[in-house]
file structure-v6.cif (mmCIF, C-alpha atoms)
data_structure
loop_
_atom_site.label_atom_id
_atom_site.label_comp_id
_atom_site.auth_asym_id
_atom_site.auth_seq_id
_atom_site.Cartn_x
_atom_site.Cartn_y
_atom_site.Cartn_z
CA MET A 1 26.51 2.89 -0.54
CA THR A 2 24.59 2.76 -3.81
CA ASN A 3 24.36 6.01 -5.71
CA ASN A 4 20.59 5.94 -6.25
CA LEU A 5 19.63 6.40 -2.59
CA TYR A 6 18.66 9.76 -1.12
CA THR A 7 16.80 11.31 1.79
CA ILE A 8 13.96 13.80 1.54
CA ILE A 9 11.91 15.41 4.30
CA LYS A 10 8.10 15.48 4.13
CA LYS A 11 7.92 19.25 3.60
CA ASP A 12 10.21 19.04 0.59
CA LEU A 13 8.34 16.00 -0.75
CA PHE A 14 5.04 17.88 -0.72
CA ASP A 15 6.79 20.85 -2.32
CA LEU A 16 8.10 18.50 -5.00
CA LEU A 17 4.61 17.10 -5.66
CA GLY A 18 3.26 20.64 -5.92
CA ARG A 19 5.87 21.52 -8.52
CA LEU A 20 5.26 18.34 -10.47
CA ALA A 21 1.55 19.25 -10.52
CA ALA A 22 2.32 22.02 -13.01
CA ASP A 23 2.68 19.40 -15.76
CA ASN A 24 1.17 16.27 -14.24
CA ARG A 25 -1.91 15.01 -12.48
CA ILE A 26 -0.77 14.03 -8.99
CA VAL A 27 -2.60 11.30 -7.06
CA VAL A 28 -1.84 10.53 -3.41
CA PRO A 29 -3.35 8.36 -0.64
CA TYR A 30 -5.67 9.93 1.93
CA VAL A 31 -6.90 8.55 5.23
CA LYS A 32 -10.62 7.89 5.60
CA GLY A 33 -11.49 6.07 8.80
CA GLU A 34 -9.36 2.94 8.91
CA LYS A 35 -8.81 2.83 5.16
CA LEU A 36 -6.69 4.64 2.61
CA TYR A 37 -7.93 5.83 -0.76
CA PHE A 38 -6.36 7.58 -3.76
CA ASP A 39 -7.40 11.08 -4.77
CA ASP A 40 -5.90 14.15 -6.41
CA PHE A 41 -3.16 15.92 -4.49
CA ASP A 42 -4.46 18.91 -2.57
CA PRO A 43 -1.87 20.96 -0.64
CA LYS A 44 -4.65 22.14 1.68
CA LYS A 45 -5.20 18.55 2.83
CA GLU A 46 -1.61 17.58 3.52
CA ASP A 47 -2.51 16.52 7.05
CA LYS A 48 -4.80 13.82 5.59
CA ILE A 49 -2.19 12.38 3.23
CA GLU A 50 -0.74 9.05 4.40
CA LEU A 51 2.54 8.10 2.76
CA GLY A 52 2.88 4.87 4.67
CA GLY A 53 0.20 2.67 6.18
CA ILE A 54 -1.04 -0.25 4.07
CA ARG A 55 -2.33 -0.62 0.54
CA GLN A 56 -5.18 1.58 -0.63
CA SER A 57 -8.72 0.37 -1.30
CA GLN A 58 -8.35 0.98 -5.04
CA ALA A 59 -6.01 -1.25 -7.00
CA LEU A 60 -3.29 0.38 -9.08
CA LYS A 61 -4.81 -1.13 -12.23
CA SER A 62 -7.68 1.38 -12.09
CA PHE A 63 -5.26 4.12 -13.16
CA ILE A 64 -3.67 2.18 -16.03
CA SER A 65 -6.36 -0.20 -17.32
CA HIS A 66 -9.40 1.95 -16.73
CA ALA A 67 -12.71 0.48 -15.59
CA ARG A 68 -14.31 1.86 -18.75
CA GLU A 69 -12.41 3.29 -21.68
CA LYS A 70 -13.20 4.19 -25.27
CA VAL A 71 -11.03 2.12 -27.60
CA THR A 72 -11.99 3.53 -30.99
CA GLY A 73 -10.37 6.47 -32.71
CA ASN A 74 -6.88 7.82 -32.32
CA LEU A 75 -5.06 8.01 -29.01
CA LYS A 76 -5.54 11.42 -27.44
CA SER A 77 -2.77 13.09 -25.53
CA LYS A 78 -3.40 12.85 -21.80
CA ARG A 79 -2.06 14.72 -18.85
CA PRO A 80 0.78 12.59 -17.43
CA LEU A 81 0.00 10.93 -14.12
CA VAL A 82 2.19 10.72 -11.04
CA ILE A 83 0.74 8.32 -8.48
CA ALA A 84 2.37 8.28 -5.04
CA GLY A 85 1.95 5.82 -2.21
CA VAL A 86 1.77 2.61 -4.29
CA LYS A 87 2.46 -0.50 -2.20
CA GLY A 88 4.37 -3.68 -2.99
CA CYS A 89 1.31 -5.85 -3.61
CA ASP A 90 0.12 -3.49 -6.35
CA LEU A 91 3.57 -3.21 -7.88
CA SER A 92 3.85 -6.98 -8.26
CA SER A 93 0.54 -7.05 -10.16
CA LEU A 94 2.16 -5.06 -12.98
CA TYR A 95 4.10 -8.14 -14.07
CA LEU A 96 0.84 -9.86 -15.02
CA GLN A 97 -0.95 -6.77 -16.35
CA ASP A 98 2.01 -5.94 -18.59
CA PHE A 99 2.11 -9.53 -19.86
CA VAL A 100 -1.59 -9.52 -20.73
CA PHE A 101 -1.74 -6.14 -22.44
CA GLN A 102 1.80 -5.78 -23.80
CA GLY A 103 3.24 -9.28 -24.03
CA GLY A 104 1.25 -10.74 -26.91
CA ASP A 105 1.67 -10.53 -30.64
CA VAL A 106 -0.25 -7.23 -30.62
CA GLU A 107 0.37 -4.64 -27.93
CA ASP A 108 -2.68 -2.88 -26.52
CA PRO A 109 -2.08 0.79 -27.43
CA PHE A 110 -4.42 2.21 -24.80
CA TYR A 111 -2.89 0.30 -21.91
CA SER A 112 0.62 1.01 -23.16
CA ASP A 113 -0.10 4.72 -23.48
CA ASN A 114 -1.47 4.86 -19.94
CA ARG A 115 1.49 2.86 -18.64
CA LYS A 116 4.03 5.07 -20.38
CA ASN A 117 2.41 8.23 -19.06
CA THR A 118 2.31 7.03 -15.44
CA THR A 119 5.10 7.69 -12.96
CA ILE A 120 4.96 5.47 -9.86
CA ILE A 121 6.22 6.65 -6.49
CA ALA A 122 6.06 3.61 -4.23
CA VAL A 123 6.04 3.58 -0.42
CA ASP A 124 6.81 0.89 2.16
CA CYS A 125 3.93 -0.43 4.25
CA THR A 126 4.45 0.78 7.81
CA TYR A 127 2.12 -1.81 9.33
CA ALA A 128 0.05 -4.80 8.25
CA LYS A 129 -3.52 -5.86 8.93
CA GLU A 130 -5.08 -9.28 9.42
CA THR A 131 -6.10 -9.62 5.77
CA CYS A 132 -2.52 -9.11 4.50
CA PHE A 133 -0.74 -12.25 3.27
CA CYS A 134 1.65 -10.97 0.60
CA ALA A 135 4.58 -12.93 2.04
CA ALA A 136 2.74 -16.21 1.41
CA MET A 137 2.42 -15.23 -2.27
CA GLU A 138 6.14 -14.48 -2.75
CA GLY A 139 5.60 -10.77 -2.14
CA ALA A 140 6.69 -8.30 0.52
CA PRO A 141 5.22 -5.23 2.26
CA TYR A 142 7.72 -2.97 0.52
CA PRO A 143 8.65 -2.17 -3.10
CA LYS A 144 10.95 -4.57 -4.93
CA LYS A 145 10.62 -3.46 -8.56
CA PHE A 146 8.34 -1.73 -11.08
CA PHE A 147 8.67 1.66 -9.34
CA ASP A 148 10.23 4.90 -10.54
CA ILE A 149 10.93 6.16 -7.03
CA SER A 150 10.38 4.37 -3.74
CA LEU A 151 10.00 6.02 -0.34
CA SER A 152 10.68 4.43 3.02
CA PRO A 153 9.34 6.47 5.98
CA ILE A 154 11.98 6.92 8.70
CA ASP A 155 11.20 9.27 11.59
CA ASN A 156 10.67 12.71 10.01
CA TYR A 157 12.12 11.91 6.59
CA PHE A 158 12.02 9.34 3.79
CA LEU A 159 14.80 7.24 2.36
CA ALA A 160 14.22 7.55 -1.38
CA GLU A 161 15.45 5.19 -4.07
CA ALA A 162 15.39 5.85 -7.80
CA GLY A 163 14.23 2.69 -9.57
CA SER A 164 14.19 3.85 -13.20
CA SER A 165 15.59 6.49 -15.51
CA LYS A 166 12.27 8.30 -15.19
CA GLY A 167 12.62 8.40 -11.43
CA GLN A 168 16.28 9.41 -11.60
CA LYS A 169 15.33 12.30 -13.87
CA ILE A 170 12.94 13.64 -11.23
CA VAL A 171 15.70 13.42 -8.63
CA ASP A 172 18.17 15.18 -10.91
CA ASN A 173 15.69 17.93 -11.84
CA PHE A 174 14.90 18.65 -8.18
CA ARG A 175 18.27 17.81 -6.70
CA SER A 176 18.03 20.43 -3.93
CA PHE A 177 15.27 18.35 -2.28
CA PHE A 178 17.30 15.13 -2.20
CA LYS A 179 20.21 14.72 0.21
CA SER A 180 22.82 12.00 0.54
CA PRO A 181 21.81 9.37 3.12
CA SER A 182 23.82 8.00 5.98
CA SER A 183 24.61 4.30 6.15
CA ARG A 184 22.50 4.23 9.31
CA ALA A 185 19.42 5.21 7.28
CA VAL A 186 19.78 2.09 5.14
CA ASP A 187 20.04 -0.08 8.26
CA ILE A 188 16.97 1.57 9.79
CA ARG A 189 15.01 0.99 6.60
CA GLN A 190 15.85 -2.70 6.66
CA ALA A 191 14.89 -3.01 10.31
CA LEU A 192 11.53 -1.33 9.71
CA ARG A 193 10.86 -3.52 6.68
CA ASP A 194 11.74 -6.64 8.64
CA ARG A 195 9.36 -5.59 11.41
CA VAL A 196 6.36 -5.25 9.07
CA LEU A 197 7.28 -8.44 7.22
CA LYS A 198 7.33 -10.25 10.56
CA GLN A 199 3.89 -8.81 11.30
CA VAL A 200 2.55 -10.13 7.97
CA GLN A 201 4.12 -13.52 8.59
CA GLY A 202 2.49 -13.58 12.03
CA PHE A 203 -0.95 -13.21 10.45
CA ILE A 204 -0.11 -15.92 7.92
CA ASP A 205 1.07 -18.34 10.62
CA LYS A 206 -1.88 -17.64 12.92
CA ARG A 207 -4.41 -18.45 10.20
CA GLY A 208 -2.37 -21.21 8.60
CA THR A 209 -2.47 -19.63 5.15
CA PRO A 210 -0.57 -21.90 2.73
CA ASP A 211 2.25 -20.45 0.66
CA THR A 212 2.80 -20.86 -3.07
CA THR A 213 4.80 -24.06 -2.60
CA ARG A 214 1.94 -25.78 -0.80
CA VAL A 215 -0.68 -24.35 -3.16
CA LYS A 216 1.07 -25.59 -6.30
CA GLY A 217 -1.14 -28.04 -8.19
CA VAL A 218 -3.95 -28.22 -5.61
CA VAL A 219 -6.59 -26.54 -7.78
CA ARG A 220 -6.02 -28.97 -10.63
CA LYS A 221 -5.90 -31.88 -8.18
CA ASN A 222 -9.29 -30.89 -6.73
CA TYR A 223 -10.82 -29.59 -9.94
CA ASP A 224 -13.54 -32.26 -10.00
CA GLN A 225 -14.41 -31.95 -6.30
CA THR A 226 -17.82 -30.47 -7.09
CA GLU A 227 -19.03 -30.55 -3.49
CA PHE A 228 -16.08 -28.44 -2.38
CA TRP A 229 -16.60 -25.79 -5.04
CA ARG A 230 -20.36 -25.69 -4.43
CA ASP A 231 -19.75 -25.14 -0.71
CA MET A 232 -17.23 -22.39 -1.37
CA ALA A 233 -19.66 -20.65 -3.74
CA SER A 234 -22.71 -21.14 -1.51
CA THR A 235 -22.69 -17.56 -0.16
CA CYS A 236 -21.56 -15.83 -3.38
CA VAL A 237 -24.02 -13.20 -4.63
CA GLU A 238 -22.26 -12.79 -8.01
CA CYS A 239 -21.46 -9.13 -7.36
CA GLY A 240 -17.98 -9.41 -8.88
CA ALA A 241 -16.41 -7.38 -6.05
CA CYS A 242 -13.53 -9.84 -5.73
CA ASN A 243 -12.67 -9.46 -9.41
CA LEU A 244 -13.01 -5.69 -9.52
CA ALA A 245 -10.97 -5.13 -6.35
CA CYS A 246 -8.23 -7.56 -7.39
CA PRO A 247 -5.03 -5.93 -8.70
CA THR A 248 -4.30 -8.81 -11.13
CA CYS A 249 -7.77 -9.48 -12.57
CA HIS A 250 -7.83 -8.12 -16.09
CA CYS A 251 -10.80 -9.59 -17.98
CA PHE A 252 -12.85 -7.12 -20.00
CA ILE A 253 -15.85 -6.98 -22.29
CA LEU A 254 -16.31 -4.86 -25.42
CA SER A 255 -19.52 -2.99 -26.14
CA ASP A 256 -20.60 -0.74 -29.00
CA GLU A 257 -22.62 2.44 -28.61
CA LYS A 258 -24.00 4.80 -31.19
CA ASP A 259 -24.98 8.44 -30.87
CA ALA A 260 -25.28 11.45 -33.13
CA SER A 261 -21.51 11.59 -33.61
CA GLY A 262 -21.27 7.97 -34.74
CA ALA A 263 -20.38 4.54 -33.36
CA LYS A 264 -17.98 4.05 -30.46
CA ARG A 265 -16.52 0.96 -28.85
CA PHE A 266 -15.82 0.75 -25.13
CA ARG A 267 -13.78 -1.67 -23.06
CA SER A 268 -15.14 -2.30 -19.55
CA TRP A 269 -13.95 -4.52 -16.73
CA ASP A 270 -15.66 -7.89 -16.60
CA ALA A 271 -15.83 -10.41 -13.76
CA CYS A 272 -15.74 -14.20 -13.97
CA LEU A 273 -18.31 -14.46 -11.17
CA TYR A 274 -20.97 -12.72 -13.31
CA ASN A 275 -23.47 -15.24 -14.69
CA THR A 276 -22.99 -13.83 -18.21
CA PHE A 277 -19.19 -14.02 -18.14
CA ALA A 278 -18.75 -17.18 -20.23
CA ARG A 279 -21.94 -16.86 -22.29
CA VAL A 280 -21.42 -17.22 -26.04
CA ALA A 281 -23.53 -17.08 -29.20
CA GLY A 282 -26.85 -18.90 -29.07
CA ASN A 283 -27.06 -18.16 -25.33
CA ASN A 284 -24.84 -21.16 -24.58
CA ASN A 285 -22.79 -20.98 -21.40
CA PRO A 286 -19.99 -23.48 -20.66
CA ARG A 287 -19.88 -22.20 -17.05
CA LYS A 288 -23.54 -21.73 -16.28
CA HIS A 289 -23.14 -22.88 -12.68
CA LEU A 290 -21.79 -20.46 -10.09
CA TYR A 291 -19.37 -22.97 -8.60
CA GLU A 292 -17.80 -23.43 -12.05
CA ARG A 293 -17.11 -19.71 -12.28
CA LEU A 294 -15.62 -19.56 -8.80
CA ARG A 295 -13.45 -22.55 -9.66
CA ASN A 296 -12.34 -20.80 -12.83
CA ARG A 297 -11.12 -17.84 -10.75
CA PHE A 298 -8.86 -20.08 -8.69
CA ASP A 299 -7.78 -22.19 -11.65
CA LYS A 300 -6.57 -19.14 -13.53
CA LYS A 301 -4.76 -17.61 -10.57
CA PHE A 302 -3.11 -20.73 -9.19
CA GLU A 303 -2.74 -23.03 -12.22
CA PHE A 304 -2.91 -21.17 -15.52
CA PHE A 305 -0.56 -18.26 -14.81
CA PRO A 306 1.98 -20.35 -12.88
CA GLU A 307 2.15 -22.59 -15.96
CA VAL A 308 2.41 -19.89 -18.63
CA LEU A 309 4.20 -17.15 -16.70
CA ASN A 310 5.68 -18.81 -13.61
CA TYR A 311 3.60 -16.30 -11.64
CA VAL A 312 0.91 -16.87 -9.02
CA ALA A 313 -1.78 -14.34 -9.92
CA CYS A 314 -2.55 -13.40 -6.33
CA THR A 315 -0.53 -10.70 -4.58
CA GLY A 316 -1.90 -11.37 -1.09
CA CYS A 317 -3.33 -7.86 -0.80
CA GLY A 318 -6.54 -9.11 0.86
CA ARG A 319 -8.84 -6.73 -1.00
CA CYS A 320 -11.14 -9.54 -2.15
CA ILE A 321 -11.56 -10.70 1.46
CA GLU A 322 -12.69 -7.25 2.58
CA ALA A 323 -14.88 -6.69 -0.49
CA CYS A 324 -16.85 -9.97 -0.41
CA PRO A 325 -20.35 -9.63 1.12
CA GLY A 326 -20.57 -13.44 1.21
CA ASN A 327 -17.54 -13.81 3.51
CA ILE A 328 -15.65 -15.94 1.00
CA ASP A 329 -12.02 -15.82 2.12
CA ILE A 330 -9.44 -16.76 -0.50
CA ARG A 331 -7.11 -17.97 2.27
CA GLU A 332 -9.73 -20.41 3.58
CA VAL A 333 -10.41 -21.73 0.09
CA LEU A 334 -6.69 -22.41 -0.37
CA LYS A 335 -6.49 -24.06 3.05
CA GLY A 336 -9.41 -26.32 2.12
CA LEU A 337 -7.74 -27.29 -1.14
CA VAL A 338 -4.46 -28.11 0.59
CA SER A 339 -5.90 -29.98 3.58
CA GLY A 340 -8.97 -31.58 2.03
CA LYS A 341 -11.00 -30.23 4.97
CA TRP A 342 -13.36 -27.32 4.64
CA SER A 343 -16.54 -25.68 5.82
CA LYS A 344 -18.97 -23.36 4.12
CA PRO A 345 -18.26 -19.62 4.39
CA PRO A 346 -20.21 -18.16 7.35
CA HIS A 347 -23.21 -15.91 6.84
CA ASP A 348 -23.32 -12.58 8.64
#
call {"tool": "encode", "arguments": {"input": "structure-v6.cif", "output": "structure tokens"}}
result
Amino acid sequence: MTNNLYTIIKKDLFDLLGRLAADNRIVVPYVKGEKLYFDDFDPKKEDKIELGGIRQSQALKSFISHAREKVTGNLKSKRPLVIAGVKGCDLSSLYLQDFVFQGGDVEDPFYSDNRKNTTIIAVDCTYAKETCFCAAMEGAPYPKKFFDISLSPIDNYFLAEAGSSKGQKIVDNFRSFFKSPSSRAVDIRQALRDRVLKQVQGFIDKRGTPDTTRVKGVVRKNYDQTEFWRDMASTCVECGACNLACPTCHCFILSDEKDASGAKRFRSWDACLYNTFARVAGNNNPRKHLYERLRNRFDKKFEFFPEVLNYVACTGCGRCIEACPGNIDIREVLKGLVSGKWSKPPHD
């Protein structure tokens, strides 16, 4: 038995979150219809909190690399954030986000400050849905790394695991809430994880979604297949929803604003499907055609990052599938690239 495993009942977990709220902003997942969304912890709405289920509609990146953030002036102290209910597909995105904003010659101070001040309490998925394909992208419907504490729902309690010194400190500070687990609890956790993983794999097999081994090199191989990329982009409305919902997309644009207090610079999320994304000085645009921008999205995810980071920049979360009003399905694009057979995305 490892010494960083514990059990905690739901009542004590909510009590713990309430106590942490004295010094931290606490964010948890709530149920709304068939979806989950993050919002501030409210003890009066405990019956709506879902520490299980599937991934939330918002990507984890929205709490660390904000959609719009002022990047001039000194860093201001912020209330530390504890975000609970983070799923495996979001956790795996941190590998890329950390590389982009912290792995270069110059570390991004705003991202790093947000990252340092965020405590992540991860939770296993307790079921999958048809749009989930994390297992095809080398992921899993449960936390593997990048968490401070992970929770696995088992009957009326959670099996908790400390994954960092930050997480262990929380356990040590509130030790009365955390009990020693039985060996049976570990076996139950594995069985539940295997069940959900099997469910994900069933969706992958039913649709024929290719895995990372089969996808390797296919974007580059079909890069000049203009007809294919035009067909795939034929229903795109350039809304950027796929980029903004994606946990690994990280492109941004800088803008300057001036008011009575002086000039300020802001960093805002950008999207490679926007027609202004690649535009440069003189109004030149090396990717003026929509199909070129869609192709760029796949090239970066499935060629560029595997080459420079040995990482496929898709976590299989399925958010882009649900967000796209043009019914462009990333799984079908990959299938078309692998098989050489494709059809245009259907219109509603």
call {"tool": "residues_around", "arguments": {"input": "structure-v6.cif", "residues": "region 297-308 of chain A", "least_positions_apart": "6", "cutoff": "8 Å", "atoms": "all atoms listed in the file", "output": "PyMOL selection string"}}
result
chain A and resi 215-217+219-220+272-273+314
call {"tool": "closest_residue", "arguments": {"input": "structure-v6.cif", "among": "A:Tyr30, A:Asn243, A:Asp259, A:Ser234", "to": "Leu290 (chain A)", "atoms": "only C-alpha atoms"}}
result
A:Ser234
call {"tool": "resolve_selection", "arguments": {"input": "structure-v6.cif", "expression": "the PyMOL selection byres ((chain A and resi 32-40) around 12)", "output": "VMD selection string"}}
result
chain A and resid 17 to 18 21 24 to 31 41 to 60 62 to 63 81 to 87 125 129 319 322
call {"tool": "atom_distance", "arguments": {"input": "structure-v6.cif", "atom1": "CA of Asn3 (chain A)", "atom2": "CA of Pro80 (chain A)"}}
result
27.1 Å
call {"tool": "atom_distance", "arguments": {"input": "structure-v6.cif", "atom1": "CA of Pro210 (chain A)", "atom2": "CA of Ser343 (chain A)"}}
result
16.7 Å
call {"tool": "axis_aligned_box", "arguments": {"input": "structure-v6.cif", "around": "region 54-70 of chain A", "padding_each_side": "6 Å", "output": "lines of an AutoDock Vina configuration file"}}
result
center_x = -7.7
center_y = 1.5
center_z = -10.6
size_x = 25.3
size_y = 17.4
size_z = 41.3
call {"tool": "residues_around", "arguments": {"input": "structure-v6.cif", "residues": "Pro325 (chain A)", "least_positions_apart": "3", "cutoff": "12 Å", "atoms": "only C-alpha atoms", "output": "list in words"}}
result
Thr235, Cys236, Val237, Glu238, Cys239, Gly240, Ala241, Cys242, Cys320, Ile321, Glu322, Ile328, Asp329, Pro345, Pro346, His347 and Asp348 of chain A
call {"tool": "atom_distance", "arguments": {"input": "structure-v6.cif", "atom1": "CA of Ala67 (chain A)", "atom2": "CA of Trp269 (chain A)"}}
result
5.3 Å
call {"tool": "closest_residue", "arguments": {"input": "structure-v6.cif", "among": "A:Ala313, A:Glu227, A:Thr209, A:Ser255", "to": "Glu332 (chain A)", "atoms": "all atoms listed in the file"}}
result
A:Thr209
call {"tool": "resolve_selection", "arguments": {"input": "structure-v6.cif", "expression": "the PyMOL selection byres ((chain A and resi 317) around 6)", "output": "list in words"}}
result
Cys89, Cys132, Thr315, Gly316, Gly318 and Arg319 of chain A
call {"tool": "residues_around", "arguments": {"input": "structure-v6.cif", "residues": "Asn275 (chain A)", "least_positions_apart": "5", "cutoff": "9 Å", "atoms": "all atoms listed in the file", "output": "PDB file with C-alpha atoms, keeping the file's coordinate frame"}}
result
ATOM      1  CA  GLU A 238     -22.260 -12.790  -8.010  1.00  0.00           C
ATOM      2  CA  ASN A 285     -22.790 -20.980 -21.400  1.00  0.00           C
ATOM      3  CA  ARG A 287     -19.880 -22.200 -17.050  1.00  0.00           C
ATOM      4  CA  LYS A 288     -23.540 -21.730 -16.280  1.00  0.00           C
ATOM      5  CA  HIS A 289     -23.140 -22.880 -12.680  1.00  0.00           C
ATOM      6  CA  LEU A 290     -21.790 -20.460 -10.090  1.00  0.00           C
ATOM      7  CA  ARG A 293     -17.110 -19.710 -12.280  1.00  0.00           C
TER       8      ARG A 293
END
call {"tool": "resolve_selection", "arguments": {"input": "structure-v6.cif", "expression": "the PyMOL selection byres ((chain A and resi 159) around 10)", "output": "list of chain:residue names"}}
result
A:Leu5, A:Tyr6, A:Thr7, A:Ile8, A:Ile9, A:Val123, A:Ser150, A:Leu151, A:Ser152, A:Pro153, A:Ile154, A:Tyr157, A:Phe158, A:Ala160, A:Glu161, A:Phe178, A:Lys179, A:Ser180, A:Pro181, A:Ser182, A:Ala185, A:Val186, A:Ile188, A:Arg189
call {"tool": "closest_residue", "arguments": {"input": "structure-v6.cif", "among": "A:Thr119, A:Asn74, A:Thr276, A:Thr248", "to": "Ser92 (chain A)", "atoms": "all atoms listed in the file"}}
result
A:Thr248
call {"tool": "closest_residue", "arguments": {"input": "structure-v6.cif", "among": "A:Ile149, A:Ile64, A:Leu192, A:Cys249", "to": "Lys116 (chain A)", "atoms": "all atoms listed in the file"}}
result
A:Ile64
